[in-house]
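**Student:** You'll find model_30.cif just under this line, and it carries mmCIF, C-alpha atoms.
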data_final
loop_
_atom_site.label_atom_id
_atom_site.label_comp_id
_atom_site.auth_asym_id
_atom_site.auth_seq_id
_atom_site.Cartn_x
_atom_site.Cartn_y
_atom_site.Cartn_z
CA GLU A 52 59.11 137.34 95.05
CA THR A 53 55.83 139.28 94.96
CA THR A 54 57.35 142.48 96.36
CA LEU A 55 58.59 145.19 94.04
CA LEU A 56 60.82 146.65 96.74
CA ILE A 57 64.52 145.79 96.96
CA THR A 58 65.36 147.78 100.08
CA ASP A 59 63.94 150.51 102.33
CA ILE A 60 66.24 152.40 104.72
CA ILE A 61 65.60 155.27 107.15
CA VAL A 62 68.65 157.52 107.62
CA GLU A 63 69.23 160.38 110.07
CA LEU A 64 71.52 163.17 108.88
CA SER A 65 73.84 165.20 111.10
CA ASP A 66 71.30 168.06 111.30
CA GLU A 67 68.62 165.56 112.49
CA SER A 68 66.80 165.59 109.17
CA ILE A 69 65.33 162.22 108.22
CA VAL A 70 65.75 160.52 104.85
CA ASN A 71 63.76 157.57 103.58
CA VAL A 72 65.75 155.77 100.87
CA GLU A 73 63.99 153.17 98.75
CA VAL A 74 65.20 151.01 95.90
CA GLN A 75 62.36 149.57 93.82
CA ARG A 76 62.79 146.75 91.34
CA ILE A 77 59.82 147.95 89.29
CA GLY A 78 58.33 151.35 90.01
CA TYR A 79 55.05 151.16 91.90
CA LYS A 80 51.86 152.57 90.52
CA PHE A 81 51.06 156.05 91.88
CA PRO A 82 54.70 156.86 92.82
CA ALA A 83 53.87 160.45 93.78
CA GLN A 84 51.00 159.52 96.10
CA ARG A 85 53.01 156.71 97.69
CA ALA A 86 56.03 158.97 98.28
CA ALA A 87 53.77 161.66 99.76
CA CYS A 88 52.31 159.16 102.25
CA TYR A 89 55.77 158.00 103.32
CA SER A 90 56.89 161.61 103.65
CA ALA A 91 53.83 162.54 105.73
CA ASP A 92 54.51 159.61 108.05
CA MET A 93 58.14 160.70 108.52
CA LEU A 94 57.11 164.30 109.14
CA LEU A 95 54.67 163.23 111.85
CA ARG A 96 57.42 161.15 113.45
CA GLN A 97 59.71 164.20 113.38
CA TYR A 98 57.02 166.29 115.06
CA LYS A 99 56.42 163.74 117.84
CA ARG A 100 60.14 163.23 118.31
CA ALA A 101 60.82 166.96 118.71
CA ARG A 102 57.93 167.45 121.15
CA ASN A 103 58.98 164.48 123.28
CA ARG A 104 62.58 165.67 123.38
CA LEU A 105 61.96 169.37 124.07
CA GLY A 106 58.68 169.32 125.99
CA LYS A 107 57.46 172.83 126.85
CA ASN A 108 60.39 174.37 124.98
CA PHE A 109 59.18 172.90 121.69
CA VAL A 110 58.55 175.26 118.76
CA TYR A 111 57.75 174.30 115.17
CA LYS A 112 61.17 175.52 114.08
CA ASP A 113 62.59 172.42 115.79
CA ILE A 114 61.03 170.13 113.18
CA LYS A 115 63.64 169.22 110.60
CA SER A 116 63.18 168.45 106.92
CA VAL A 117 62.23 165.00 105.67
CA TYR A 118 63.57 163.64 102.39
CA THR A 119 62.14 160.82 100.31
CA ILE A 120 64.63 159.35 97.83
CA VAL A 121 63.40 156.62 95.52
CA PHE A 122 65.62 154.65 93.15
CA PHE A 123 63.85 152.84 90.31
CA GLU A 124 65.58 149.88 88.69
CA HIS A 125 62.79 150.02 86.09
CA SER A 126 61.10 153.41 86.25
CA PRO A 127 57.29 153.77 86.08
CA THR A 128 55.44 155.22 83.10
CA GLU A 129 55.39 158.79 84.46
CA PHE A 130 59.13 159.04 83.77
CA HIS A 131 59.18 157.46 80.31
CA ALA A 132 58.53 160.82 78.67
CA TYR A 133 61.97 161.99 79.87
CA PRO A 134 64.36 159.22 78.74
CA SER A 135 67.43 161.48 78.80
CA LEU A 136 66.86 162.57 82.43
CA TYR A 137 67.43 160.33 85.40
CA ILE A 138 67.16 162.57 88.50
CA HIS A 139 63.93 164.40 89.31
CA ASN A 140 63.73 166.68 92.39
CA PHE A 141 60.45 167.89 93.84
CA GLU A 142 59.50 170.23 96.66
CA GLN A 143 56.56 172.42 97.57
CA LYS A 144 56.75 175.94 96.14
CA SER A 145 54.58 179.05 96.18
CA ASP A 146 53.01 180.45 93.02
CA THR A 147 53.99 183.95 94.21
CA GLY A 148 57.71 183.33 94.66
CA ILE A 149 57.70 183.63 98.45
CA LYS A 150 60.33 181.35 100.04
CA MET A 151 59.20 179.02 102.85
CA ASN A 152 60.68 175.76 104.02
CA LEU A 153 57.74 173.35 103.93
CA LEU A 154 60.03 170.52 105.04
CA GLN A 155 59.09 167.80 102.54
CA LYS A 156 61.48 167.05 99.67
CA TYR A 157 61.45 164.27 97.11
CA THR A 158 64.01 162.86 94.70
CA PHE A 159 63.24 160.15 92.13
CA ILE A 160 66.22 158.49 90.43
CA CYS A 161 65.68 156.38 87.30
CA LEU A 162 68.59 153.95 87.23
CA ASP A 163 67.45 152.50 83.89
CA ASN A 164 67.63 155.94 82.25
CA PHE A 165 71.05 156.57 83.76
CA GLN A 166 72.32 153.23 82.47
CA LYS A 167 71.05 153.91 78.95
CA ASN A 168 72.63 157.36 78.90
CA SER A 169 75.95 156.35 80.49
CA ASN A 170 76.92 153.42 78.26
CA ASN A 171 80.44 153.86 76.88
CA LYS A 172 80.74 157.25 78.60
CA ASN A 173 83.27 158.45 81.15
CA ILE A 174 82.52 158.60 84.87
CA ASP A 175 82.97 162.32 85.43
CA ASN A 176 81.95 162.96 89.03
CA ASN A 177 81.08 161.42 92.38
CA LEU A 178 77.34 161.26 91.60
CA GLU A 179 77.94 159.33 88.39
CA ALA A 180 80.32 157.05 90.29
CA TRP A 181 77.62 156.15 92.80
CA LEU A 182 74.99 155.59 90.11
CA THR A 183 77.44 153.42 88.18
CA PHE A 184 78.03 151.43 91.37
CA PHE A 185 74.25 150.92 91.66
CA THR A 186 73.70 149.87 88.05
CA THR A 187 76.64 148.20 86.35
CA GLU A 188 77.57 144.52 86.35
CA ASP A 189 80.01 144.85 83.46
CA PRO A 190 83.45 143.75 84.80
CA LEU A 191 85.32 146.26 82.64
CA ARG A 192 83.19 149.17 83.86
CA VAL A 193 83.47 147.96 87.47
CA LYS A 194 87.26 147.89 87.04
CA LYS A 195 87.19 151.41 85.61
CA LEU A 196 85.04 152.62 88.52
CA ILE A 197 87.40 151.12 91.12
CA THR A 198 90.40 152.60 89.34
CA LEU A 199 88.90 156.10 89.35
CA TYR A 200 87.25 155.80 92.78
CA PRO A 201 89.17 153.25 94.92
CA GLU A 202 86.77 153.71 97.85
CA PHE A 203 84.23 151.50 96.05
CA LYS A 204 86.51 148.46 96.19
CA SER A 205 85.70 147.78 99.85
CA MET A 206 81.97 148.07 99.07
CA TYR A 207 82.21 145.49 96.30
CA ASN A 208 84.07 143.21 98.70
CA ALA A 209 81.39 143.69 101.35
CA ILE A 210 78.61 142.87 98.86
CA TYR A 211 80.49 139.80 97.68
CA GLU A 212 80.94 138.51 101.24
CA MET A 213 77.31 139.27 102.10
CA CYS A 214 75.97 137.43 99.05
CA LEU A 215 77.95 134.34 99.99
CA ASN A 216 75.61 134.02 102.98
CA THR A 217 72.19 133.73 101.30
CA GLU A 218 70.38 133.00 104.56
CA LYS A 219 71.66 136.21 106.13
CA VAL A 220 70.55 138.23 103.10
CA MET A 221 67.04 136.75 103.22
CA ASN A 222 66.74 137.56 106.94
CA MET A 223 67.28 141.24 106.10
CA PHE A 224 63.97 141.29 104.26
CA SER A 225 61.09 142.91 106.14
CA LYS A 226 57.96 140.74 106.31
CA GLU A 227 55.93 143.73 107.46
CA LEU A 228 56.98 145.66 104.39
CA GLN A 229 56.07 142.68 102.20
CA ILE A 230 52.53 142.70 103.59
CA LEU A 231 52.31 146.47 103.09
CA ASP A 232 53.29 146.17 99.44
CA GLU A 233 51.17 143.15 98.50
CA ASN A 234 48.01 145.15 97.90
CA THR A 235 49.77 147.51 95.49
CA VAL A 236 51.44 144.63 93.69
CA GLN A 237 48.12 142.80 93.40
CA TYR A 238 46.51 145.98 92.07
CA MET A 239 49.20 146.27 89.42
CA MET A 240 48.78 142.60 88.46
CA ASP A 241 45.01 143.04 88.26
CA GLU A 242 45.46 146.15 86.13
CA MET A 243 47.79 144.28 83.77
CA GLN A 244 45.24 141.47 83.51
CA GLU A 245 42.53 144.00 82.72
CA GLU A 246 44.74 145.43 79.96
CA ILE A 247 45.30 141.92 78.58
CA ASP A 248 41.55 141.20 78.71
CA ALA A 249 40.83 144.52 77.00
CA LEU A 250 43.32 143.68 74.26
CA GLY A 251 41.64 140.29 73.86
CA ILE A 252 38.24 141.94 73.46
CA GLU A 253 39.67 144.46 71.01
CA LEU A 254 41.29 141.65 69.00
CA SER A 255 38.01 139.74 68.95
CA GLU A 256 36.14 142.84 67.76
CA ARG A 257 38.70 143.42 65.03
CA LYS A 258 38.37 139.82 63.89
CA GLN A 259 34.62 140.28 63.75
CA LEU A 260 35.02 143.47 61.70
CA LEU A 261 37.46 141.65 59.41
CA CYS A 262 34.98 138.82 58.87
CA GLU A 263 32.22 141.31 58.10
CA ALA A 264 34.51 143.13 55.66
CA GLU A 265 35.38 139.82 53.97
CA ASN A 266 31.66 138.97 53.66
CA GLU A 267 30.94 142.39 52.15
CA LEU A 268 33.82 141.91 49.74
CA LYS A 269 32.47 138.52 48.68
CA GLN A 270 29.00 140.01 48.22
CA SER A 271 30.50 142.79 46.11
CA GLU A 272 32.43 140.23 44.05
CA ASN A 273 29.26 138.18 43.54
CA ALA A 274 27.29 141.28 42.55
CA LEU A 275 30.05 142.26 40.14
CA LYS A 276 30.09 138.78 38.63
CA GLN A 277 26.30 138.83 38.23
CA SER A 278 26.57 142.22 36.50
CA GLU A 279 29.26 140.87 34.17
CA ASP A 280 27.12 137.79 33.35
CA ALA A 281 24.08 139.97 32.68
CA LEU A 282 26.18 142.20 30.43
CA LYS A 283 27.43 139.20 28.44
CA GLN A 284 23.90 137.86 28.01
CA SER A 285 22.67 141.26 26.76
CA GLU A 286 25.41 141.23 24.14
#
Can the structure in the file be given as structure tokens, please?

**Tutor:**
Amino acid sequence: ETTLLITDIIVELSDESIVNVEVQRIGYKFPAQRAACYSADMLLRQYKRARNRLGKNFVYKDIKSVYTIVFFEHSPTEFHAYPSLYIHNFEQKSDTGIKMNLLQKYTFICLDNFQKNSNNKNIDNNLEAWLTFFTTEDPLRVKKLITLYPEFKSMYNAIYEMCLNTEKVMNMFSKELQILDENTVQYMMDEMQEEIDALGIELSERKQLLCEAENELKQSENALKQSEDALKQSE
């Protein structure tokens, strides 16, 4: 329950490129730094793999690209400034325009933004079909998806059968990954507590300022009353 990660899968493509696919329940703090570390680890694995396979014939051209794809069920704050966009692609580029394949690519997909922008809209292409499959639990929209893209029916059946066996689903969870994530989760909890404490201090300070303002107002009222009394006596 403490992990923010739903699933983490390593995929090899037909050209031997490697893809790390993550689905996060709540986006981790420092998503860019975290993705860069995962990407660096995959790139090093690609390098070692190519050298071990090719030996003396190894050249750097044999190292294939590595892709990091992160799905956010609830996207982190960095993406909140772009509520109408749900797919963000990153790669290393030169400031001069020269083209070089630096191997590391990143894609961040905000499922919450997609869901907000796709409500009551048509499913127009294969990408939207997949993202609908990932996000919707509305029976009518699921029915519409299966009608337009029948290939998803078998996937829904597979998920249904898998979820009937809760023990099997729990055994799929990686304990090593849980340990890896605990520090980040704890950091985020500590940070939230610090924000709560800071708000408490701010509230206390505002209460103090309010009390001081009330005292000043009472003093002003008393001074005004004394002035009025003195004015009456002089009359």

**Student:** Residues near segment 64-69 of chain A, anyone? I mean within 6 Å using all atoms listed in the file, not counting same-chain ones fewer than 6 positions away, as a VMD selection string.

**Tutor:** chain A and resid 115 to 117

**Student:** Print the selection's residues with C-alpha atoms to a file, as an mmCIF file, keeping the file's coordinate frame.

**Tutor:**
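Produced file part27.cif, reproduced below:
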data_model
loop_
_atom_site.group_PDB
_atom_site.id
_atom_site.type_symbol
_atom_site.label_atom_id
_atom_site.label_comp_id
_atom_site.auth_asym_id
_atom_site.auth_seq_id
_atom_site.Cartn_x
_atom_site.Cartn_y
_atom_site.Cartn_z
ATOM 1 C CA LYS A 115 63.640 169.220 110.600
ATOM 2 C CA SER A 116 63.180 168.450 106.920
ATOM 3 C CA VAL A 117 62.230 165.000 105.670
#

**Student:** Which residues are near Tyr133 of chain A? Cut-off 12 Å, all atoms listed in the file, ignore same chain within fewer than 5 positions. Put them as a PyMOL selection string.

**Tutor:** chain A and resi 126-128+138-139+160-161+163-165+168

**Student:** Kindly indicate which residue among A:Asn216, A:Thr119, A:Asn177, A:Asn170 lies nearest to Ala86 of chain A, using all atoms listed in the file for the distances.

**Tutor:**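 Of A:Asn216, A:Thr119, A:Asn177, A:Asn170, the one nearest Ala86 of chain A, counting all atoms listed in the file, is A:Thr119.
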
**Student:** Which residue is closest to Leu94 of chain A? Choose from A:His131, A:Phe123, A:Gln155, A:Glu272 and count only C-alpha atoms.

**Tutor:**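 The shortest atom-to-atom distance to Leu94 of chain A comes from A:Gln155.
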
**Student:** For the atom pair atom CA of Ser205 of chain A and atom CA of Tyr137 of chain A, what is the interatomic distance in Å to one decimal place?

**Tutor:** 26.5 Å

**Student:** Mind pulling up the distance from atom CA of Phe159 of chain A to atom CA of Phe141 of chain A?

**Tutor:**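 Taking atom CA of Phe141 of chain A as the start and atom CA of Phe159 of chain A as the end point, the length is 8.4 Å.
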
**Student:** State, in Å with one decimal place, the distance from atom CA of Tyr200 of chain A to atom CA of Asn171 of chain A.

**Tutor:** 17.4 Å

**Student:** Using only C-alpha atoms, which of A:Leu136, A:Ala264, A:Leu215, A:Val121 sits nearest Tyr89 of chain A?

**Tutor:** A:Val121

**Student:** On this file, the PyMOL selection byres ((chain A and resi 182-184) around 8) gives some set of residues; write that set as JSON, numbers by chain.

**Tutor:** {"A": [162, 165, 166, 174, 178, 179, 180, 181, 185, 186, 187, 193, 196, 203]}

**Student:** Under the rule that all atoms listed in the file are counted, which of A:Lys258, A:Lys156, A:His125, A:Arg76 is the nearest residue to Asp59 of chain A?

**Tutor:**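 Once distances to Asp59 of chain A are computed over all atoms listed in the file, the minimum belongs to A:Arg76.
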
**Student:** Using the chain letters and numbers from the file, which residues does the PyMOL selection byres ((chain A and resi 71) around 6) grab, as a VMD selection string?

**Tutor:** chain A and resid 60 to 61 70 72 119

**Student:** Would you pick out the contacts of Val74 of chain A at 6 Å or less, using all atoms listed in the file, so that residues sharing its chain but fewer than 5 positions from it are not included, and give the list as a VMD selection string?

**Tutor:** chain A and resid 57 to 58 121 to 122

**Student:** Nearest to Leu95 of chain A: which of A:Leu154, A:Ala132, A:Leu199, A:Ile247 is it, counting all atoms listed in the file?

**Tutor:**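 Nearest candidate to Leu95 of chain A out of A:Leu154, A:Ala132, A:Leu199, A:Ile247: A:Leu154.
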